[in-house]
Structures are given as structure tokens and as C-alpha cells.
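Structure file run00.cif; described as mmCIF, C-alpha atoms and all ligand atoms.
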```cif
data_my_file
#
loop_
_atom_site.label_atom_id
_atom_site.label_comp_id
_atom_site.auth_asym_id
_atom_site.auth_seq_id
_atom_site.Cartn_x
_atom_site.Cartn_y
_atom_site.Cartn_z
CA MET V 1 17.22 160.34 69.70
CA ARG V 2 19.99 158.10 68.57
CA ARG V 3 18.67 155.43 66.33
CA LEU V 4 19.54 152.04 67.74
CA ALA V 5 18.17 149.96 64.94
CA ARG V 6 20.80 148.24 62.98
CA VAL V 7 20.15 146.08 60.00
CA LEU V 8 22.34 143.06 59.64
CA ALA V 9 22.58 141.41 56.27
CA LEU V 10 22.21 137.68 56.51
CA VAL V 11 23.31 134.77 54.47
CA ALA V 12 19.94 133.14 54.82
CA ALA V 13 18.77 129.64 54.08
CA PRO V 14 17.72 128.64 50.57
CA ALA V 15 13.96 129.04 51.07
CA ALA V 16 14.45 132.74 51.86
CA ALA V 17 17.31 133.67 49.55
CA THR V 18 18.30 136.68 51.61
CA GLY V 19 16.87 138.25 54.67
CA GLU V 20 17.56 140.78 57.34
CA VAL V 21 17.26 140.96 61.07
CA VAL V 22 16.53 144.27 62.74
CA ILE V 23 18.20 144.83 66.09
CA ASP V 24 15.90 147.39 67.70
CA PRO V 25 15.75 147.08 71.50
CA PRO V 26 12.70 148.48 73.32
CA ALA V 27 13.35 151.71 75.25
CA PRO V 28 14.94 151.30 78.69
CA GLY V 29 12.28 150.75 81.37
CA SER V 30 9.54 149.96 78.86
CA VAL V 31 9.41 146.18 79.45
CA SER V 32 7.89 144.93 82.72
CA ARG V 33 9.15 141.91 84.60
CA ALA V 34 6.01 139.98 83.58
CA GLU V 35 6.60 140.83 79.92
CA GLY V 36 10.27 139.89 80.31
CA LEU V 37 9.31 136.51 81.78
CA ALA V 38 6.81 135.92 78.97
CA ALA V 39 9.58 136.69 76.46
CA TRP V 40 11.85 134.27 78.35
CA ASP V 41 9.24 131.47 78.09
CA ARG V 42 9.27 131.87 74.30
CA ILE V 43 13.09 132.02 74.25
CA TYR V 44 13.15 128.74 76.17
CA GLU V 45 10.74 127.13 73.68
CA VAL V 46 13.29 127.93 70.98
CA ALA V 47 16.43 127.02 72.93
CA SER V 48 15.01 123.67 74.05
CA HIS V 49 13.69 122.77 70.61
CA PRO V 50 15.60 119.88 69.03
CA ARG V 51 16.83 122.08 66.12
CA CYS V 52 18.80 124.11 68.68
CA ALA V 53 19.33 121.76 71.62
CA ASN V 54 20.61 118.85 69.50
CA CYS V 55 23.75 120.90 68.86
CA HIS V 56 23.89 122.59 72.28
CA VAL V 57 24.87 119.41 74.11
CA GLY V 58 27.31 119.30 76.97
CA ALA V 59 30.40 117.35 77.85
CA SER V 60 29.00 114.18 76.24
CA ASP V 61 30.40 115.59 72.97
CA VAL V 62 27.70 113.69 71.10
CA PRO V 63 25.24 115.64 68.95
CA MET V 64 21.64 114.39 69.03
CA TRP V 65 19.29 113.41 66.23
CA SER V 66 15.53 113.68 66.04
CA GLY V 67 13.10 113.95 63.21
CA PRO V 68 10.61 112.06 61.11
CA GLY V 69 11.19 108.36 61.57
CA TYR V 70 13.20 108.56 64.78
CA GLY V 71 10.36 108.54 67.28
CA ARG V 72 12.41 109.99 70.07
CA THR V 73 15.66 111.92 70.16
CA ARG V 74 18.73 109.68 70.00
CA PRO V 75 22.49 110.14 69.82
CA HIS V 76 23.95 111.03 66.40
CA GLY V 77 24.63 107.89 64.37
CA MET V 78 27.99 106.64 63.11
CA ALA V 79 29.68 107.08 66.49
CA VAL V 80 30.21 110.80 65.82
CA ARG V 81 31.89 112.72 68.64
CA ALA V 82 32.78 116.39 68.57
CA GLY V 83 35.75 116.22 70.96
CA ASP V 84 37.30 119.25 72.62
CA SER V 85 37.68 120.80 69.17
CA ARG V 86 33.83 120.68 68.80
CA ILE V 87 34.41 120.00 65.08
CA GLY V 88 35.32 116.35 65.43
CA ALA V 89 39.00 116.98 64.61
CA GLU V 90 40.03 114.18 66.98
CA THR V 91 37.94 111.53 65.16
CA ILE V 92 35.80 112.19 62.06
CA PRO V 93 35.50 115.91 61.29
CA CYS V 94 31.90 117.16 61.00
CA ARG V 95 32.78 118.63 57.60
CA THR V 96 33.20 115.14 56.15
CA CYS V 97 29.42 115.03 55.83
CA HIS V 98 28.29 118.55 56.77
CA VAL V 99 30.10 120.28 53.91
CA THR V 100 30.13 124.08 53.82
CA SER V 101 28.08 124.31 50.69
CA ARG V 102 24.45 124.86 49.89
CA THR V 103 24.37 122.98 46.65
CA GLY V 104 22.85 119.58 46.13
CA GLY V 105 20.59 117.28 48.01
CA ILE V 106 20.06 119.30 51.13
CA ASP V 107 16.34 118.49 51.14
CA ARG V 108 16.64 114.71 50.76
CA PRO V 109 15.24 112.75 53.71
CA HIS V 110 18.05 112.15 56.23
CA ALA V 111 20.52 114.35 54.36
CA ALA V 112 23.26 115.85 56.54
CA PRO V 113 22.44 119.55 57.06
CA GLN V 114 24.73 121.97 55.24
CA VAL V 115 25.38 125.63 55.95
CA ALA V 116 27.93 128.17 54.71
CA ASP V 117 30.03 127.82 57.86
CA ALA V 118 31.93 125.09 59.71
CA TRP V 119 29.31 122.77 61.23
CA ARG V 120 30.24 122.16 64.87
CA LEU V 121 28.87 121.68 68.35
CA ALA V 122 28.23 124.63 70.63
CA PRO V 123 30.77 124.98 73.48
CA PRO V 124 30.02 123.02 76.69
CA GLU V 125 29.28 126.28 78.61
CA ALA V 126 26.36 126.77 76.21
CA ALA V 127 24.93 123.27 76.80
CA TRP V 128 21.13 123.33 76.77
CA PHE V 129 20.12 119.76 75.90
CA GLY V 130 17.92 118.26 78.65
CA ARG V 131 18.20 121.36 80.83
CA SER V 132 15.28 123.18 82.45
CA SER V 133 14.05 126.67 81.69
CA ASP V 134 15.55 127.93 84.98
CA GLN V 135 18.94 126.37 84.24
CA ILE V 136 19.21 127.84 80.75
CA CYS V 137 17.93 131.21 81.97
CA ALA V 138 20.66 131.33 84.63
CA GLN V 139 23.26 130.34 82.03
CA LEU V 140 22.30 132.95 79.45
CA ARG V 141 22.60 135.84 81.87
CA ASP V 142 25.91 134.67 83.35
CA PRO V 143 28.73 136.49 81.53
CA ALA V 144 31.14 133.70 82.52
CA ARG V 145 29.11 131.31 80.39
CA THR V 146 28.18 133.59 77.48
CA ASP V 147 31.68 134.76 76.64
CA GLY V 148 30.75 138.06 78.24
CA ARG V 149 27.85 138.66 75.87
CA THR V 150 25.01 140.92 77.03
CA ALA V 151 21.45 140.26 75.86
CA LEU V 152 22.01 142.85 73.12
CA GLN V 153 25.15 141.04 71.99
CA ILE V 154 23.36 137.70 72.10
CA ALA V 155 20.67 139.20 69.85
CA GLU V 156 23.38 140.41 67.47
CA HIS V 157 24.97 136.96 67.50
CA LEU V 158 21.58 135.49 66.57
CA GLY V 159 21.40 137.95 63.70
CA HIS V 160 24.66 136.99 62.07
CA ASP V 161 25.33 133.34 62.95
CA VAL V 162 24.43 131.35 59.84
CA ILE V 163 24.57 128.00 61.62
CA LEU V 164 21.58 128.70 63.80
CA HIS V 165 19.57 130.22 60.94
CA TRP V 166 19.42 126.67 59.60
CA ALA V 167 17.15 125.79 62.56
CA TRP V 168 14.32 127.80 60.97
CA THR V 169 14.73 126.21 57.53
CA PRO V 170 16.11 122.77 58.39
CA GLY V 171 14.86 120.91 55.31
CA SER V 172 14.56 117.13 54.93
CA GLY V 173 11.16 117.12 56.65
CA ARG V 174 12.54 118.26 60.00
CA GLU V 175 10.38 120.50 62.19
CA PRO V 176 11.70 124.09 62.25
CA ALA V 177 12.38 125.91 65.52
CA PRO V 178 9.27 127.78 66.76
CA TYR V 179 8.46 131.46 66.02
CA SER V 180 10.80 133.19 63.55
CA LEU V 181 14.39 134.40 63.80
CA GLN V 182 13.16 138.03 64.02
CA GLU V 183 10.63 137.18 66.75
CA HIS V 184 13.31 135.32 68.67
CA VAL V 185 15.69 138.29 68.37
CA ASN V 186 12.90 140.63 69.56
CA ASP V 187 12.24 138.38 72.57
CA VAL V 188 15.94 138.34 73.53
CA LEU V 189 16.04 142.14 73.30
CA ALA V 190 12.86 142.51 75.40
CA TRP V 191 14.16 140.05 77.99
CA GLY V 192 17.40 142.06 78.15
CA VAL V 193 15.62 145.40 78.63
CA ALA V 194 13.51 143.80 81.41
CA GLY V 195 16.77 143.01 83.21
CA GLN V 196 17.05 139.34 82.15
CA PRO V 197 14.53 138.04 84.71
CA CYS V 198 14.32 134.31 85.52
CA ALA V 199 11.22 132.73 87.08
CA PHE V 200 13.13 131.77 90.26
CA ASP V 201 14.24 135.36 91.05
C1 LIG I 301 29.54 110.39 58.58
C2 LIG I 301 28.73 111.56 58.28
C3 LIG I 301 28.52 112.56 59.39
C4 LIG I 301 29.45 113.15 60.22
C5 LIG I 301 30.95 112.90 60.25
C6 LIG I 301 28.74 114.07 61.06
N1 LIG I 301 27.40 114.06 60.75
FE1 LIG I 301 25.93 115.14 61.69
N2 LIG I 301 24.53 114.32 60.45
C7 LIG I 301 24.80 113.38 59.46
C8 LIG I 301 23.54 113.00 58.82
C9 LIG I 301 23.38 112.00 57.70
C10 LIG I 301 22.52 113.75 59.46
C11 LIG I 301 21.01 113.72 59.20
C12 LIG I 301 20.40 112.65 60.02
C13 LIG I 301 18.90 112.54 59.78
O1 LIG I 301 18.21 113.56 59.74
O2 LIG I 301 18.43 111.42 59.63
C14 LIG I 301 23.20 114.58 60.47
C15 LIG I 301 22.53 115.46 61.29
C16 LIG I 301 23.14 116.25 62.27
C17 LIG I 301 22.46 117.18 63.11
C18 LIG I 301 20.97 117.55 63.03
C19 LIG I 301 20.22 116.76 64.05
C20 LIG I 301 18.77 117.22 64.23
O3 LIG I 301 17.93 116.37 64.52
O4 LIG I 301 18.50 118.42 64.13
C21 LIG I 301 23.39 117.71 63.94
C22 LIG I 301 23.15 118.73 65.02
C23 LIG I 301 24.67 117.13 63.61
N3 LIG I 301 24.48 116.23 62.58
C24 LIG I 301 25.85 117.45 64.21
C25 LIG I 301 27.09 116.95 63.84
C26 LIG I 301 28.34 117.37 64.41
C27 LIG I 301 28.49 118.44 65.46
C28 LIG I 301 29.33 116.63 63.81
C29 LIG I 301 30.81 116.64 64.09
C30 LIG I 301 31.19 116.47 65.49
C31 LIG I 301 28.67 115.76 62.85
N4 LIG I 301 27.31 115.97 62.90
C32 LIG I 301 29.33 114.84 62.03
C33 LIG I 301 26.03 112.87 59.12
C34 LIG I 301 27.22 113.16 59.73
C1 LIG I 302 25.12 123.00 64.22
C2 LIG I 302 25.18 123.32 65.61
C3 LIG I 302 24.33 124.43 66.18
C4 LIG I 302 22.97 124.59 66.09
C5 LIG I 302 21.99 123.74 65.31
C6 LIG I 302 22.64 125.75 66.89
N1 LIG I 302 23.76 126.28 67.45
FE1 LIG I 302 23.88 127.87 68.70
N2 LIG I 302 25.89 127.71 68.76
C7 LIG I 302 26.63 126.82 68.03
C8 LIG I 302 28.05 127.14 68.15
C9 LIG I 302 29.20 126.43 67.48
C10 LIG I 302 28.12 128.27 69.02
C11 LIG I 302 29.36 129.03 69.46
C12 LIG I 302 29.59 130.09 68.42
C13 LIG I 302 30.11 131.35 68.98
O1 LIG I 302 30.13 131.55 70.21
O2 LIG I 302 30.48 132.21 68.14
C14 LIG I 302 26.75 128.60 69.36
C15 LIG I 302 26.40 129.64 70.19
C16 LIG I 302 25.11 130.08 70.39
C17 LIG I 302 24.73 131.20 71.23
C18 LIG I 302 25.65 132.03 72.08
C19 LIG I 302 25.64 131.34 73.42
C20 LIG I 302 26.31 132.05 74.50
O3 LIG I 302 26.17 131.55 75.65
O4 LIG I 302 26.98 133.07 74.26
C21 LIG I 302 23.39 131.34 71.15
C22 LIG I 302 22.52 132.37 71.86
C23 LIG I 302 22.93 130.30 70.26
N3 LIG I 302 23.98 129.54 69.81
C24 LIG I 302 21.61 130.15 69.92
C25 LIG I 302 21.13 129.12 69.12
C26 LIG I 302 19.73 128.95 68.80
C27 LIG I 302 18.61 129.85 69.30
C28 LIG I 302 19.64 127.86 67.98
C29 LIG I 302 18.41 127.30 67.31
C30 LIG I 302 17.55 128.29 66.66
C31 LIG I 302 21.01 127.34 67.81
N4 LIG I 302 21.86 128.13 68.52
C32 LIG I 302 21.34 126.23 67.05
C33 LIG I 302 26.16 125.73 67.32
C34 LIG I 302 24.83 125.51 67.03
#
```

Please, can you express the file's structure as C-alpha cells?
Amino acid sequence: MRRLARVLALVAAPAAATGEVVIDPPAPGSVSRAEGLAAWDRIYEVASHPRCANCHVGASDVPMWSGPGYGRTRPHGMAVRAGDSRIGAETIPCRTCHVTSRTGGIDRPHAAPQVADAWRLAPPEAAWFGRSSDQICAQLRDPARTDGRTALQIAEHLGHDVILHWAWTPGSGREPAPYSLQEHVNDVLAWGVAGQPCAFD
């Protein structure tokens, strides 16, 4: 049988100097609808967590902040807006503070997160902030809103996108996203093999 597992090298966060994600989908037909829905519930826990959703905001263009000392989630300070560019090119670029470097001060309280890629907001089609499990489920299986990505391609994206890896090692006392990157990838693959079920189907 053709081996589907592929190992993607990652530029991982400082706590885990390097790491790898295995993309190994379950065999076709081996994941029931109930198991697919259970995987979806865990996917939603991750997607709706502030470490992910604060960047997956919609047309407001305003990233969100939450963490120790904030009480509840609030709009990003300093009147930051991402604009159509999603990188703040129209006003103050994100890179002014979110430099693409891992050196220095990343773990200070309230330090601006830094990753080895251009820090930017997710596109409006991938807006998750404040949305329900059903809404995000419908979005993630709609090719018009995922840039045509299948569940397998979404899992691959999760494997090699260094921005979102930050969510599991966010530093500065912030709560990491739940589960682990590998568990999240496994859940996306299982949900895909189950036919991307949503609870409202
Ligand atoms: C003037 C400096 C500055 C600019 C410009 C800036 N940020 Fe930030 N950002 C910060 C700081 C400081 C923090 C950490 C806040 C804290 O934890 O108290 C932060 C945190 C964040 C977080 C993490 C929030 C969380 O709770 O997980 C996101 C997401 C974010 N910024 C997105 C952006 C985006 C997108 C842009 C560009 C459109 C941008 N920022 C521009 C300073 C900046
Ligand atoms: C700093 C901002 C930021 C954070 C934090 C972030 N993302 Fe994203 N996300 C993006 C950007 C930008 C894109 C678009 C990149 C692309 O399509 O190549 C994206 C795209 C995605 C996509 C593809 C969406 C689609 O519809 O095709 C997925 C899946 C995703 N992110 C998952 C996550 C998860 C899970 C987390 C938390 C563990 C997370 N992201 C945290 C900025 C962020």
C-alpha cells in the first residue's frame, strides 16, 4: 500500500527547537460520523480559542487581545487595524512591533509575539472570532472560503504555517491553544475522512 505519511519539517517555537508533524490520514471509510463529529468538537475548541480566533477576525480588521491582566478579550491596543492588506500597510504595519525574529524579549509580559514570518491577520473568509461551531464548520468545508483546500490540504497547511504554531507556545504568560499541533492535525484528518460532518447535517 502506498504510504501516505509525510513528514514535514517545521520551524518550531523556541521551547521545542525543532519538531515535526506527521500527515497520516486514517484509511478511507474507517472514521464514523460520530467519530468525525467528536473530532470536529475538538477542532472547534482550538479554532475558537483566543490564540487562534484573535487573529481570525472578520471585516472589522481589528485583531483582538486577551491574556493575563485583561479580564476579557478586547480590541488590540494602539488603534491597530490590518486593512485590506491584512498586514497594516495602510496604517501602521504589524511588523513595526511583530518583527520577524525570534531573538530577544519574546517572553516578557505583554511583549508583542514574534514569529519567523510576516505577522498578519487571517483573510476575512477565514473569520472565526465570535462565530459558532456550526458556522465555522460550514466555512471550513466550503472550498469557496478555504481557497479550495480540502481537509488534507488544511492539515498540511497546519503542518507548515509557522504563524499558527505560535499559538501552542505563545509565551508571555498567555494560555496556549488546547491539545497539541499533532493532535489538531490528526483531528482535521479524521474529520476529513469522515466526510467533514457538521452537527446540523
Ligand atoms: C505598536 C505595536 C504593535 C503593532 C503595530 C501591532 N501590534 Fe499586535 N501586539 C502588540 C503587543 C505589544 C502585543 C501583546 C499584547 C499583550 O499581550 O499584552 C500584541 C499582540 C498581538 C496579538 C496576540 C493577541 C492574543 O491575545 O493572542 C495579535 C493577534 C496581534 N497582536 C495582531 C496584530 C496584527 C495583525 C497587527 C497588524 C495589523 C498588529 N498586531 C500590529 C503590538 C503591536
Ligand atoms: C497572527 C495571526 C494568526 C494566528 C494567531 C492564527 N492564524 Fe490561522 N491564518 C492566518 C493567516 C494570515 C492565514 C492565511 C494564510 C494562508 O492562507 O496561507 C491563516 C489561515 C489559516 C487556515 C486556513 C484557513 C482556510 O480557510 O483555508 C487555517 C486552517 C488556520 N489559519 C488555522 C489556525 C489555527 C488552528 C490557529 C491557532 C492554533 C491559527 N490559525 C492562528 C493568521 C493567523

Among V:Val99, V:Met78, V:Leu164, V:Cys198, ligand LIG 302 (chain I) is approached most closely, using all atoms listed in the file, by V:Leu164

10 Å contact set for region 180-188 of chain V, all atoms listed in the file, chain neighbours under 2 positions out, as JSON, numbers by chain:
{"V": [20, 21, 22, 23, 24, 25, 26, 35, 36, 37, 38, 39, 40, 41, 42, 43, 44, 45, 46, 47, 151, 152, 153, 154, 155, 156, 157, 158, 159, 164, 165, 167, 168, 176, 177, 178, 190, 191, 192, 193, 194, 196]}

Dump as CSV the rows for residues of chain V within 9 Å of ligand LIG 301 (chain I): closest atom pair and distance in Å with one decimal, all atoms listed in the file counted, ordered by chain and rising residue number.
```
residue,atom,partner,partner_atom,distance
V:Pro50,CA,I:LIG301,O4,5.9
V:Arg51,CA,I:LIG301,O4,4.5
V:Cys52,CA,I:LIG301,O4,7.3
V:Ala53,CA,I:LIG301,C22,8.2
V:Asn54,CA,I:LIG301,C22,5.2
V:Cys55,CA,I:LIG301,C22,4.5
V:His56,CA,I:LIG301,C22,8.3
V:Asp61,CA,I:LIG301,C30,7.6
V:Val62,CA,I:LIG301,C30,7.2
V:Pro63,CA,I:LIG301,C24,5.1
V:Met64,CA,I:LIG301,C19,5.7
V:Trp65,CA,I:LIG301,O3,3.7
V:Ser66,CA,I:LIG301,O3,3.9
V:Gly67,CA,I:LIG301,O3,5.6
V:Pro68,CA,I:LIG301,O1,7.9
V:Gly69,CA,I:LIG301,O2,8.1
V:Tyr70,CA,I:LIG301,O2,7.9
V:Thr73,CA,I:LIG301,O3,7.5
V:Arg74,CA,I:LIG301,O3,8.7
V:His76,CA,I:LIG301,N3,6.5
V:Gly77,CA,I:LIG301,C7,7.4
V:Met78,CA,I:LIG301,C1,6.1
V:Ala79,CA,I:LIG301,C1,8.6
V:Val80,CA,I:LIG301,C32,5.6
V:Arg81,CA,I:LIG301,C30,4.9
V:Ala82,CA,I:LIG301,C30,3.5
V:Gly83,CA,I:LIG301,C30,7.1
V:Ser85,CA,I:LIG301,C30,8.6
V:Arg86,CA,I:LIG301,C30,6.0
V:Ile87,CA,I:LIG301,C30,4.8
V:Gly88,CA,I:LIG301,C30,4.1
V:Ala89,CA,I:LIG301,C30,7.9
V:Thr91,CA,I:LIG301,C30,8.4
V:Ile92,CA,I:LIG301,C5,5.2
V:Pro93,CA,I:LIG301,C29,5.5
V:Cys94,CA,I:LIG301,C29,3.3
V:Arg95,CA,I:LIG301,C5,6.6
V:Thr96,CA,I:LIG301,C5,5.2
V:Cys97,CA,I:LIG301,C2,4.3
V:His98,CA,I:LIG301,N1,6.1
V:Pro109,CA,I:LIG301,O1,6.8
V:His110,CA,I:LIG301,O2,3.5
V:Ala111,CA,I:LIG301,C11,4.9
V:Ala112,CA,I:LIG301,C8,3.7
V:Pro113,CA,I:LIG301,C15,5.9
V:Trp119,CA,I:LIG301,C27,6.1
V:Arg120,CA,I:LIG301,C27,4.2
V:Leu121,CA,I:LIG301,C27,4.4
V:Ala122,CA,I:LIG301,C27,8.1
V:Ala167,CA,I:LIG301,O4,7.7
V:Pro170,CA,I:LIG301,O4,7.6
V:Ser172,CA,I:LIG301,O1,7.0
V:Gly173,CA,I:LIG301,O1,8.5
V:Arg174,CA,I:LIG301,O4,7.3
V:Glu175,CA,I:LIG301,O4,8.6
```

Coordinates of box centre and edge lengths for ligand LIG 302 (chain I), 4 Å on every side, axis-aligned, as JSON:
```
{"center_x": 24.0, "center_y": 128.0, "center_z": 69.9, "size_x": 20.9, "size_y": 18.1, "size_z": 19.4}
```

From the options V:Glu90, V:Asp84, V:Glu125, V:Asp107, which residue's atoms come nearest to Ala138 (chain V), counting all atoms listed in the file?
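Ranking V:Glu90, V:Asp84, V:Glu125, V:Asp107 by distance to Ala138 (chain V), first place goes to V:Glu125.
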
Pick out the closest residue to ligand LIG 302 (chain I) from this set: V:Ala199, V:Ala27, V:Ala144, V:Ile163. Count all atoms listed in the file.
V:Ile163

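Distance check against ligand LIG 302 (chain I) using only C-alpha atoms and all ligand atoms: of V:Gly29, V:Pro75, V:Gly130, V:Pro123, the minimum falls on V:Pro123.
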